[in-house]
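Okay, my_file_4.txt now, which holds compact mmCIF, C-alpha atoms:
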# COMPACT_ATOMS: atom_id res chain seq x y z
CA MET A 95 0.95 33.73 -30.11
CA ASP A 96 3.75 31.32 -31.22
CA ILE A 97 3.90 27.61 -30.48
CA PHE A 98 6.12 28.19 -27.44
CA THR A 99 3.60 30.50 -25.81
CA ILE A 100 0.80 29.00 -23.75
CA HIS A 101 -2.21 30.67 -22.24
CA LEU A 102 -2.58 30.48 -18.48
CA PRO A 103 -6.27 31.07 -17.79
CA ILE A 104 -5.97 31.36 -14.01
CA ALA A 105 -3.10 33.86 -13.90
CA GLY A 106 -4.80 35.52 -16.89
CA MET A 107 -1.74 35.80 -19.11
CA ASP A 108 0.30 34.23 -21.91
CA PHE A 109 3.62 32.72 -20.94
CA ASN A 110 6.65 31.24 -22.68
CA LEU A 111 6.69 27.43 -22.33
CA GLY A 112 10.49 27.18 -22.69
CA LEU A 113 10.86 29.60 -19.82
CA LEU A 114 8.62 27.48 -17.56
CA LEU A 115 10.60 24.32 -18.41
CA LEU A 116 13.93 26.14 -17.93
CA ILE A 117 12.90 27.54 -14.54
CA GLY A 118 11.63 24.09 -13.55
CA PHE A 119 14.78 22.22 -14.67
CA THR A 120 17.13 24.71 -13.00
CA VAL A 121 15.25 24.66 -9.73
CA GLY A 122 14.98 20.88 -9.92
CA VAL A 123 18.75 20.42 -10.13
CA CYS A 124 19.40 22.87 -7.27
CA GLY A 125 16.54 21.47 -5.19
CA GLY A 126 17.64 17.84 -5.46
CA PHE A 127 21.23 18.76 -4.61
CA PHE A 128 20.67 21.22 -1.75
CA GLY A 129 17.46 19.75 -0.36
CA ILE A 130 15.50 22.92 -0.94
CA GLY A 131 12.31 23.75 -2.76
CA GLY A 132 14.08 26.42 -4.79
CA ALA A 133 11.57 29.22 -4.33
CA TRP A 134 14.48 31.67 -4.27
CA ILE A 135 14.57 31.13 -8.05
CA VAL A 136 10.95 30.36 -8.86
CA THR A 137 9.04 32.99 -6.89
CA PRO A 138 11.11 36.01 -8.03
CA ALA A 139 11.51 34.59 -11.56
CA LEU A 140 7.76 34.09 -12.04
CA ASN A 141 7.08 37.48 -10.48
CA ILE A 142 9.65 39.21 -12.69
CA PHE A 143 8.20 37.54 -15.79
CA GLY A 144 4.70 38.76 -15.04
CA PHE A 145 3.07 36.66 -12.29
CA PRO A 146 1.60 38.72 -9.41
CA MET A 147 3.50 37.75 -6.23
CA PRO A 148 0.68 35.73 -4.54
CA TYR A 149 0.19 33.65 -7.77
CA ALA A 150 3.96 33.18 -8.04
CA ILE A 151 4.08 31.91 -4.44
CA GLY A 152 1.13 29.53 -4.85
CA THR A 153 2.24 28.17 -8.23
CA ASP A 154 5.74 27.65 -6.88
CA LEU A 155 4.47 25.78 -3.81
CA ALA A 156 2.28 23.58 -6.03
CA HIS A 157 5.10 22.38 -8.30
CA MET A 158 7.45 22.14 -5.31
CA GLY A 159 5.39 19.35 -3.72
CA GLY A 160 5.54 17.24 -6.90
CA LYS A 161 9.21 17.90 -7.54
CA SER A 162 10.17 16.99 -3.96
CA ILE A 163 8.50 13.59 -4.39
CA VAL A 164 10.95 12.91 -7.25
CA SER A 165 13.98 13.88 -5.11
CA THR A 166 12.69 12.17 -1.95
CA ILE A 167 12.29 8.84 -3.73
CA ARG A 168 15.97 8.92 -4.77
CA HIS A 169 17.30 10.34 -1.46
CA GLY A 170 15.29 7.66 0.38
CA LYS A 171 17.09 4.95 -1.59
CA PHE A 172 20.43 6.62 -0.73
CA GLY A 173 19.50 6.37 3.00
CA ASN A 174 19.39 10.16 3.38
CA VAL A 175 15.81 10.52 4.66
CA ASP A 176 15.06 10.42 8.40
CA ILE A 177 11.31 9.86 8.19
CA ARG A 178 10.82 9.90 11.98
CA LEU A 179 12.53 13.29 12.29
CA GLY A 180 10.67 14.62 9.27
CA LEU A 181 7.30 13.56 10.74
CA ALA A 182 8.13 15.20 14.09
CA MET A 183 8.91 18.46 12.32
CA ILE A 184 5.74 18.41 10.22
CA ILE A 185 3.51 19.08 13.23
CA GLY A 186 5.27 22.40 13.82
CA THR A 187 5.72 23.18 10.15
CA THR A 188 2.06 22.86 9.13
CA THR A 189 0.91 24.99 12.07
CA GLY A 190 3.53 27.59 11.24
CA MET A 191 2.58 27.59 7.54
CA GLU A 192 -1.06 28.33 8.34
CA PHE A 193 -0.04 31.32 10.48
CA GLY A 194 2.25 32.48 7.68
CA ALA A 195 -0.39 32.11 4.93
CA SER A 196 -2.88 34.20 6.96
CA LEU A 197 -0.20 36.84 7.44
CA VAL A 198 0.45 36.99 3.67
CA MET A 199 -3.29 37.41 2.96
CA TYR A 200 -3.39 40.20 5.57
CA LEU A 201 -0.39 41.97 4.00
CA GLU A 202 -2.01 41.53 0.57
CA ARG A 203 -5.19 43.27 1.77
CA LEU A 204 -3.02 46.14 3.01
CA GLY A 205 -1.19 46.19 -0.34
CA LEU A 206 2.12 45.53 1.40
CA ALA A 207 2.68 41.88 0.42
CA GLU A 208 5.23 42.37 -2.38
CA ASP A 209 7.33 44.96 -0.59
CA TYR A 210 7.43 43.25 2.82
CA ILE A 211 8.06 39.77 1.42
CA ARG A 212 10.99 41.01 -0.66
CA LYS A 213 12.60 42.84 2.27
CA ALA A 214 12.23 39.79 4.50
CA TYR A 215 13.82 37.67 1.77
CA VAL A 216 16.94 39.83 1.67
CA VAL A 217 17.46 39.74 5.44
CA PHE A 218 16.98 35.98 5.76
CA LEU A 219 19.12 35.10 2.77
CA ALA A 220 21.97 37.33 4.00
CA LEU A 221 21.88 35.90 7.53
CA ILE A 222 21.77 32.27 6.48
CA GLY A 223 24.38 32.65 3.72
CA SER A 224 26.80 34.37 6.13
CA TYR A 225 26.46 31.69 8.78
CA VAL A 226 26.90 28.77 6.39
CA LEU A 227 29.94 30.43 4.77
CA TYR A 228 31.45 31.17 8.19
CA ASP A 229 30.96 27.53 9.16
CA TYR A 230 32.60 26.31 5.95
CA LEU A 231 35.62 28.62 6.37
CA SER A 232 36.04 27.52 10.02
CA HIS A 233 35.94 23.91 8.88
CA VAL A 234 38.63 24.54 6.24
CA ARG A 235 40.84 26.37 8.76
CA ARG A 236 40.55 23.53 11.28
CA ALA A 237 41.27 20.94 8.57
CA LYS A 238 44.42 22.87 7.52
CA LYS A 239 45.64 23.07 11.12
CA ALA A 240 45.02 19.37 11.65
CA GLY A 241 46.68 18.55 8.30
CA GLY A 242 43.74 16.57 6.93
CA GLU A 243 40.31 15.80 8.39
CA ALA A 244 38.98 18.66 10.53
CA PRO A 245 38.46 17.72 14.20
CA ALA A 246 35.00 18.41 15.68
CA TYR A 247 34.50 21.79 17.44
CA GLY A 248 34.01 22.03 21.20
CA THR A 249 30.25 22.07 21.70
CA THR A 250 27.93 23.02 18.84
CA ILE A 251 24.57 24.74 19.25
CA ALA A 252 22.91 21.49 18.14
CA GLN A 253 24.69 19.49 20.85
CA ARG A 254 23.57 22.00 23.50
CA LEU A 255 19.97 21.82 22.26
CA GLN A 256 20.08 18.01 22.18
CA ARG A 257 21.03 18.05 25.88
CA LEU A 258 17.76 19.79 26.87
CA ARG A 259 15.95 16.99 28.70
CA ILE A 260 12.33 17.97 28.08
CA PRO A 261 10.28 14.75 27.84
CA PRO A 262 9.52 12.87 25.72
CA MET A 263 13.06 12.17 24.48
CA VAL A 264 13.21 10.50 21.09
CA ASN A 265 15.88 8.59 19.13
CA PHE A 266 16.40 9.41 15.47
CA PRO A 267 18.59 6.52 14.30
CA ALA A 268 18.87 7.61 10.65
CA SER A 269 20.40 10.93 11.81
CA GLY A 270 22.27 9.33 14.71
CA ILE A 271 20.85 11.76 17.31
CA GLN A 272 18.68 11.71 20.43
CA CYS A 273 16.77 14.81 21.57
CA SER A 274 13.50 16.10 23.00
CA VAL A 275 10.64 15.75 20.51
CA TRP A 276 9.95 19.45 21.17
CA LEU A 277 13.17 20.46 19.42
CA PRO A 278 12.14 19.37 15.88
CA ILE A 279 8.56 20.57 16.53
CA LEU A 280 9.70 24.09 17.52
CA VAL A 281 12.26 24.28 14.71
CA GLY A 282 9.48 23.16 12.35
CA LEU A 283 7.08 25.82 13.69
CA LEU A 284 9.60 28.60 13.25
CA THR A 285 10.65 27.56 9.76
CA GLY A 286 6.99 26.98 8.81
CA VAL A 287 5.99 30.58 9.60
CA VAL A 288 8.98 32.01 7.75
CA ALA A 289 8.52 29.63 4.81
CA SER A 290 4.87 30.49 4.31
CA VAL A 291 5.41 34.25 4.56
CA LEU A 292 8.29 34.13 2.08
CA GLY A 293 6.38 31.74 -0.19
CA VAL A 294 8.93 28.99 -0.01
CA GLY A 295 8.89 25.35 1.05
CA GLY A 296 11.26 26.43 3.82
CA GLY A 297 14.21 24.40 2.57
CA PHE A 298 16.76 27.16 2.57
CA ILE A 299 15.96 27.83 6.23
CA ARG A 300 15.23 24.26 7.32
CA MET A 301 18.26 22.61 5.71
CA PRO A 302 20.71 24.74 7.75
CA ALA A 303 18.38 24.44 10.78
CA LEU A 304 18.55 20.63 10.54
CA ILE A 305 22.35 20.81 10.47
CA TYR A 306 23.01 23.60 12.99
CA LEU A 307 20.05 23.35 15.40
CA ILE A 308 19.19 19.65 15.33
CA GLY A 309 22.61 18.21 14.43
CA CYS A 310 21.96 16.07 11.32
CA PRO A 311 24.74 15.06 8.91
CA THR A 312 24.56 17.23 5.75
CA LEU A 313 23.21 14.51 3.43
CA VAL A 314 20.53 13.46 5.93
CA ALA A 315 19.60 17.14 6.31
CA VAL A 316 19.22 17.39 2.52
CA GLY A 317 17.08 14.23 2.24
CA THR A 318 14.95 14.87 5.33
CA ASP A 319 14.38 18.44 4.28
CA LEU A 320 13.11 17.31 0.89
CA PHE A 321 10.73 14.92 2.66
CA GLU A 322 9.49 17.96 4.61
CA VAL A 323 9.33 20.16 1.50
CA MET A 324 7.22 17.45 -0.15
CA ILE A 325 4.61 17.60 2.62
CA THR A 326 4.69 21.35 3.23
CA GLY A 327 4.62 21.93 -0.54
CA ALA A 328 1.47 19.79 -0.82
CA TYR A 329 -0.09 21.56 2.17
CA GLY A 330 0.92 24.99 0.83
CA ALA A 331 -0.45 24.06 -2.61
CA PHE A 332 -3.78 23.20 -1.02
CA THR A 333 -4.07 26.38 1.10
CA TYR A 334 -2.99 28.64 -1.77
CA GLY A 335 -5.21 26.63 -4.16
CA VAL A 336 -8.24 27.14 -1.92
CA LYS A 337 -7.39 30.85 -1.83
CA GLY A 338 -7.28 30.80 -5.65
CA ARG A 339 -3.60 31.66 -5.96
CA VAL A 340 -2.26 28.67 -7.96
CA ASP A 341 -1.94 28.48 -11.75
CA LEU A 342 -2.16 24.71 -12.18
CA ILE A 343 -1.20 24.66 -15.87
CA ALA A 344 2.03 26.60 -15.21
CA ALA A 345 2.80 24.35 -12.21
CA MET A 346 2.40 21.21 -14.34
CA TRP A 347 4.82 22.40 -17.03
CA MET A 348 7.34 23.51 -14.43
CA LEU A 349 7.07 20.14 -12.71
CA LEU A 350 7.95 18.34 -15.95
CA GLY A 351 11.25 20.26 -16.24
CA ALA A 352 11.85 20.03 -12.49
CA ALA A 353 11.43 16.24 -12.37
CA ILE A 354 14.33 15.73 -14.82
CA GLY A 355 16.50 18.27 -13.01
CA ALA A 356 15.65 16.90 -9.56
CA GLN A 357 16.72 13.38 -10.49
CA LEU A 358 20.10 14.63 -11.78
CA GLY A 359 20.65 17.00 -8.84
CA THR A 360 19.87 14.25 -6.33
CA VAL A 361 22.25 11.72 -7.89
CA ALA A 362 24.99 14.42 -7.85
CA VAL A 363 25.13 14.39 -4.00
CA LYS A 364 26.70 10.94 -4.28
CA TYR A 365 29.88 12.50 -5.68
CA VAL A 366 30.52 15.36 -3.20
CA ARG A 367 31.32 15.71 0.49
CA GLY A 368 28.91 17.36 2.94
CA TYR A 369 30.96 20.55 3.36
CA SER A 370 31.19 21.04 -0.43
CA ILE A 371 27.38 21.09 -0.48
CA ARG A 372 27.44 23.70 2.32
CA LEU A 373 29.89 25.93 0.39
CA LEU A 374 27.85 25.81 -2.81
CA PHE A 375 24.72 26.43 -0.73
CA ALA A 376 26.24 29.57 0.82
CA VAL A 377 27.32 30.92 -2.59
CA THR A 378 23.87 30.23 -4.00
CA ILE A 379 22.16 32.00 -1.12
CA PHE A 380 24.35 35.10 -1.55
CA ILE A 381 23.62 35.31 -5.27
CA ALA A 382 19.90 34.97 -4.59
CA CYS A 383 20.17 37.66 -1.91
CA ILE A 384 21.92 40.12 -4.24
CA SER A 385 19.36 39.56 -6.99
CA VAL A 386 16.42 40.20 -4.65
CA LEU A 387 18.22 43.28 -3.34
CA LEU A 388 18.64 44.56 -6.90
CA LYS A 389 14.92 44.15 -7.42
CA GLN A 390 14.26 46.07 -4.23
CA LEU A 391 16.41 48.86 -5.67
CA ALA A 392 14.20 48.85 -8.79
CA LEU A 393 16.94 47.32 -10.97
CA GLN A 394 14.46 44.86 -12.43
CA LEU A 395 16.38 43.75 -15.51
CA ALA A 396 19.67 43.22 -13.67
CA SER A 397 17.87 41.27 -10.97
CA SER A 398 16.00 38.98 -13.37
CA VAL A 399 19.05 38.23 -15.51
CA MET A 400 21.11 37.60 -12.39
CA ILE A 401 18.68 35.21 -10.72
CA LEU A 402 18.29 33.05 -13.80
CA ALA A 403 22.01 33.24 -14.63
CA ALA A 404 22.84 32.22 -11.05
CA GLY A 405 20.37 29.34 -11.15
CA ILE A 406 21.70 28.10 -14.48
CA THR A 407 25.34 28.51 -13.37
CA ILE A 408 24.82 26.61 -10.12
CA SER A 409 22.91 23.91 -12.02
CA LEU A 410 25.78 23.60 -14.51
CA VAL A 411 28.29 23.31 -11.65
CA ILE A 412 26.16 20.55 -10.08
CA LEU A 413 25.76 18.77 -13.42
CA GLY A 414 29.54 19.11 -13.94
CA LEU A 415 30.15 17.44 -10.55
CA LEU A 416 27.70 14.70 -11.50
CA PHE A 417 29.27 13.95 -14.89
CA ARG A 418 32.80 14.06 -13.46
CA GLY A 419 31.77 11.71 -10.66
CA VAL A 420 30.09 9.27 -13.05
CA ALA A 421 33.14 9.30 -15.36
CA ARG A 422 35.47 8.60 -12.40
CA GLU A 423 33.24 5.84 -11.09
CA ARG A 424 33.15 4.19 -14.49
CA ALA A 425 36.91 4.54 -14.92
CA ALA A 426 37.48 3.02 -11.46
CA ARG A 427 35.14 0.16 -12.25
CA GLY A 428 36.87 -0.35 -15.62
CA GLY A 429 40.25 -0.50 -13.84
CA LEU A 430 38.97 -3.22 -11.50
CA GLU A 431 37.74 -5.44 -14.30
CA PRO A 432 40.21 -8.12 -15.42
CA MET B 145 60.36 22.09 -25.03
CA ARG B 146 58.92 24.85 -27.26
CA THR B 147 56.58 22.31 -28.89
CA ARG B 148 55.31 21.26 -25.48
CA GLY B 149 54.68 24.90 -24.54
CA LEU B 150 52.84 25.46 -27.81
CA CYS B 151 50.76 22.33 -27.20
CA SER B 152 49.74 23.46 -23.73
CA LYS B 153 48.81 26.92 -25.09
CA LEU B 154 46.70 25.30 -27.83
CA LYS B 155 45.09 23.05 -25.22
CA ALA B 156 44.24 26.09 -23.10
CA LEU B 157 42.82 27.84 -26.17
CA PHE B 158 40.64 24.83 -27.03
CA THR B 159 39.42 24.63 -23.42
CA TRP B 160 38.56 28.32 -23.53
CA MET B 161 36.78 27.92 -26.90
CA ARG B 162 34.82 24.96 -25.51
CA ASN B 163 33.76 26.80 -22.34
CA ALA B 164 33.14 30.26 -23.81
CA PRO B 165 29.78 29.39 -25.48
CA LEU B 166 28.66 27.80 -22.20
CA ALA B 167 29.57 30.89 -20.20
CA LEU B 168 27.93 33.10 -22.83
CA ALA B 169 24.78 30.95 -22.75
CA VAL B 170 24.52 31.38 -18.98
CA PHE B 171 24.07 35.12 -19.44
CA VAL B 172 22.36 35.20 -22.83
CA LEU B 173 19.71 32.56 -22.06
CA PRO B 174 18.07 34.50 -19.23
CA ALA B 175 18.14 37.66 -21.33
CA VAL B 176 16.49 35.85 -24.28
CA ALA B 177 14.00 34.26 -21.91
CA LEU B 178 13.28 37.67 -20.46
CA ALA B 179 12.71 39.07 -23.93
CA ALA B 180 10.39 36.15 -24.69
CA GLY B 181 8.29 36.25 -21.58
CA GLY B 182 9.28 39.42 -19.82
CA GLY B 183 7.23 42.36 -18.89
CA LYS B 184 6.08 44.28 -15.88
CA PRO B 185 4.56 42.18 -13.11
CA ALA B 186 0.83 41.74 -13.69
CA THR B 187 -1.65 43.02 -11.19
CA LYS B 188 -4.51 40.47 -11.52
CA LEU B 189 -5.86 39.54 -8.12
CA VAL B 190 -9.47 38.63 -8.98
CA ASN B 191 -10.30 34.92 -8.57
CA VAL B 192 -11.98 34.44 -11.95
CA ALA B 193 -10.43 32.55 -14.87
CA ASP B 194 -11.49 33.78 -18.32
CA THR B 195 -12.92 30.66 -20.03
CA ARG B 196 -14.55 32.43 -23.00
CA ASN B 197 -11.81 31.56 -25.50
CA LEU B 198 -10.93 28.13 -24.12
CA GLU B 199 -11.62 24.97 -26.16
CA PRO B 200 -13.25 22.07 -24.27
CA GLY B 201 -10.45 20.01 -22.73
CA PHE B 202 -8.16 19.86 -19.71
CA GLU B 203 -7.48 23.62 -19.53
CA LYS B 204 -11.18 24.39 -19.60
CA PHE B 205 -11.85 21.76 -16.94
CA VAL B 206 -9.19 23.31 -14.69
CA ALA B 207 -10.48 26.84 -15.26
CA ASP B 208 -14.11 25.79 -14.66
CA THR B 209 -13.17 24.00 -11.42
CA TYR B 210 -11.29 27.13 -10.35
CA ASN B 211 -14.33 29.31 -11.03
CA ASP B 212 -16.90 26.94 -9.49
CA ASN B 213 -15.35 25.48 -6.36
CA LEU B 214 -12.04 26.58 -4.88
CA ILE B 215 -11.89 23.76 -2.31
CA LEU B 216 -12.22 21.21 -5.12
CA PHE B 217 -9.61 23.18 -7.05
CA GLY B 218 -7.22 23.02 -4.07
CA LEU B 219 -7.69 19.24 -3.89
CA LEU B 220 -7.21 18.96 -7.67
CA VAL B 221 -3.88 20.85 -7.42
CA VAL B 222 -2.59 18.49 -4.69
CA VAL B 223 -3.76 15.30 -6.44
CA ILE B 224 -2.33 16.27 -9.83
CA MET B 225 1.01 17.46 -8.44
CA ALA B 226 1.41 14.38 -6.21
CA GLY B 227 0.39 12.01 -9.03
CA MET B 228 2.71 13.63 -11.57
CA GLY B 229 5.55 13.71 -9.01
CA ALA B 230 5.21 10.01 -8.18
CA VAL B 231 4.94 8.89 -11.82
CA LEU B 232 7.83 11.09 -13.01
CA GLY B 233 9.92 10.19 -9.94
CA PHE B 234 9.70 6.42 -10.44
CA THR B 235 10.12 6.75 -14.21
CA PHE B 236 13.29 8.90 -14.04
CA ASP B 237 14.65 6.82 -11.15
CA ARG B 238 14.36 3.72 -13.35
CA LEU B 239 15.98 5.57 -16.29
CA VAL B 240 18.97 6.74 -14.18
CA GLY B 241 19.36 3.15 -12.93
CA LEU B 242 19.75 2.05 -16.55
CA LEU B 243 22.84 4.30 -16.91
CA GLY B 244 24.83 1.81 -14.84
CA ILE B 245 25.51 4.13 -11.86
CA ASN B 246 25.84 2.46 -8.45
CA LEU B 247 22.74 3.77 -6.64
CA GLY B 248 23.14 1.94 -3.32
CA LYS B 249 23.16 3.53 0.18
CA LEU B 250 25.65 6.36 0.77
CA ASP B 251 28.16 6.93 3.58
CA HIS B 252 27.46 10.18 5.44
CA HIS B 253 30.95 11.73 5.47
CA GLU B 254 31.31 15.48 5.94
So, in terms of structure tokens, how does the structure I just supplied come out?
Amino acid sequence: MDIFTIHLPIAGMDFNLGLLLLIGFTVGVCGGFFGIGGAWIVTPALNIFGFPMPYAIGTDLAHMGGKSIVSTIRHGKFGNVDIRLGLAMIIGTTTGMEFGASLVMYLERLGLAEDYIRKAYVVFLALIGSYVLYDYLSHVRRAKKAGGEAPAYGTTIAQRLQRLRIPPMVNFPASGIQCSVWLPILVGLLTGVVASVLGVGGGFIRMPALIYLIGCPTLVAVGTDLFEVMITGAYGAFTYGVKGRVDLIAAMWMLLGAAIGAQLGTVAVKYVRGYSIRLLFAVTIFIACISVLLKQLALQLASSVMILAAGITISLVILGLLFRGVARERAARGGLEP
Amino acid sequence: MRTRGLCSKLKALFTWMRNAPLALAVFVLPAVALAAGGGKPATKLVNVADTRNLEPGFEKFVADTYNDNLILFGLLVVVIMAGMGAVLGFTFDRLVGLLGINLGKLDHHE
């Protein structure tokens, strides 16, 4: 055993420390930028590198809660967190997560957990990626036609849902919307079930749901989602911990790498527009989808290289946007000085 | 004119040389990482941590808690992750603030 290998007594295996930090950092950058927990990298990556799927899910959820605290602190200071909306969603999310966790344990007893979870992953990733990409392309087309800023569409799904007058109606000033309190609760319930079954904080489902079903601006969706991921991650860590499916030592090392990445990824949102985040999000989702599909087709090596390569590439793109933005900001500030 | 063309070609070459190792690293790193930690997914699903070879310390404490009381272990996971997250979050937030970036409220433009 070399100095970079640590023993993980709970998962019952030795693991490379650099790999844990790398996975953590990569997922931290992506998570802070997209407002997701990043389980699309962590769960398959840990599983591919030797963690049984239920341990990978639990360990991922554990570090996700801690990492989301890092991002939420920064997004909160940027004014991107709608705490009232986040709290309304939590009621549905926690209930949904408990249903989902029981379903995973049931599938595990039947020996179907790994297969079913992976198939569900592929379907969800493909659906969400397609919709976000379609939305981005429509936006670009409308902007081209208008010769600049894209005009708003007719009526969006979110606007229709906001018009449902089921009391009590609530104002969410940080998001600039008013809707029935049942809307965020039901969206939370749905995303909670899916999140728990797939072993994710739910970010990659909830972030688009906040934009397309509730009607939040992209940056508020990112920040509010991270607030949600923080709570659901903590709740998921507890339920999986009680079921004995968390390797705490691995989660701690991953969190160290993730905290650095999350801070950088969160600050990067300052330098991009909402639709740029949506485009990168769609690309990321498709890459994740292809890698999980490759694994389903028993192309293990190709899948594992692809998922880490994709994570690192997206992280580098985000870091590139951050450094370019900082350089421009400094140059602009330098130009203003006498 | 020819000198300018040559300069732009050299500039392109230098850009390529600067970016090539980065692009290579993106694909090589995961492969190296895979070689370092890779293997077939393990199959352990029994809730017992092997503490026989562990020295007294934090790892042993975690493993013992896991073996003795899973509810306490679940609470320990949440407390440690939340504590680490808060400490690291405020620390790195302060460090980024020292870089001189304007970290005020953002406009929500799409």
To one decimal place in Å, what is the distance between atom CA of Ile401 of chain A and atom CA of Val136 of chain A?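 Result for atom CA of Ile401 of chain A versus atom CA of Val136 of chain A: 9.3 Å, one decimal.
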Excluding same-chain residues fewer than 5 positions from segment 224-228 of chain B, what lies within 8 Å of it counting all atoms listed in the file, as a PDB file with C-alpha atoms, in the coordinates of the input?
ATOM      1  CA  ALA A 156       2.280  23.580  -6.030  1.00  0.00           C
ATOM      2  CA  HIS A 157       5.100  22.380  -8.300  1.00  0.00           C
ATOM      3  CA  GLY A 159       5.390  19.350  -3.720  1.00  0.00           C
ATOM      4  CA  GLY A 160       5.540  17.240  -6.900  1.00  0.00           C
ATOM      5  CA  ILE A 163       8.500  13.590  -4.390  1.00  0.00           C
ATOM      6  CA  ALA A 328       1.470  19.790  -0.820  1.00  0.00           C
ATOM      7  CA  MET A 346       2.400  21.210 -14.340  1.00  0.00           C
ATOM      8  CA  LEU A 349       7.070  20.140 -12.710  1.00  0.00           C
TER       9      LEU A 349
END
Test item: residues at most 8 Å from Asp194 of chain B, all atoms listed in the file, excluding those fewer than 3 positions along its chain, as a PyMOL selection string: (chain A and resi 103-104+106) or (chain B and resi 197+207)
Where is the centre and how long are the edges: axis-aligned box on segment 209-228 of chain B, 5 Å on each side, Å to one decimal, as lines of an AutoDock Vina configuration file:
center_x = -7.1
center_y = 20.7
center_z = -6.9
size_x = 29.6
size_y = 27.3
size_z = 19.3
Would you kindly identify which residues have an atom no farther than 10 Å from (12.8, 11.0, -11.8), using all atoms listed in the file and the file's own coordinates, and write them out as a PyMOL selection string? (chain A and resi 161+163-168+350+352-358+360) or (chain B and resi 229-240)
If we count all atoms listed in the file, what is near Val288 of chain A at a cut-off of 8 Å, once residues fewer than 4 positions away on the same chain are taken out, given as JSON, numbers by chain? {"A": [190, 191, 194, 284, 292, 296]}
Hey, which of B:Asn211, B:Glu199, B:Lys204, B:Leu250 ends up closest to chain A? Count all atoms listed in the file.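 Of B:Asn211, B:Glu199, B:Lys204, B:Leu250, the one nearest chain A is B:Leu250, counting all atoms listed in the file.
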Counting only C-alpha atoms, which of B:Gly244, B:Gly218, B:Phe202, B:Tyr210 gets nearest to chain A?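 Checking each of B:Gly244, B:Gly218, B:Phe202, B:Tyr210 against chain A, counting only C-alpha atoms, the winner is B:Gly218.
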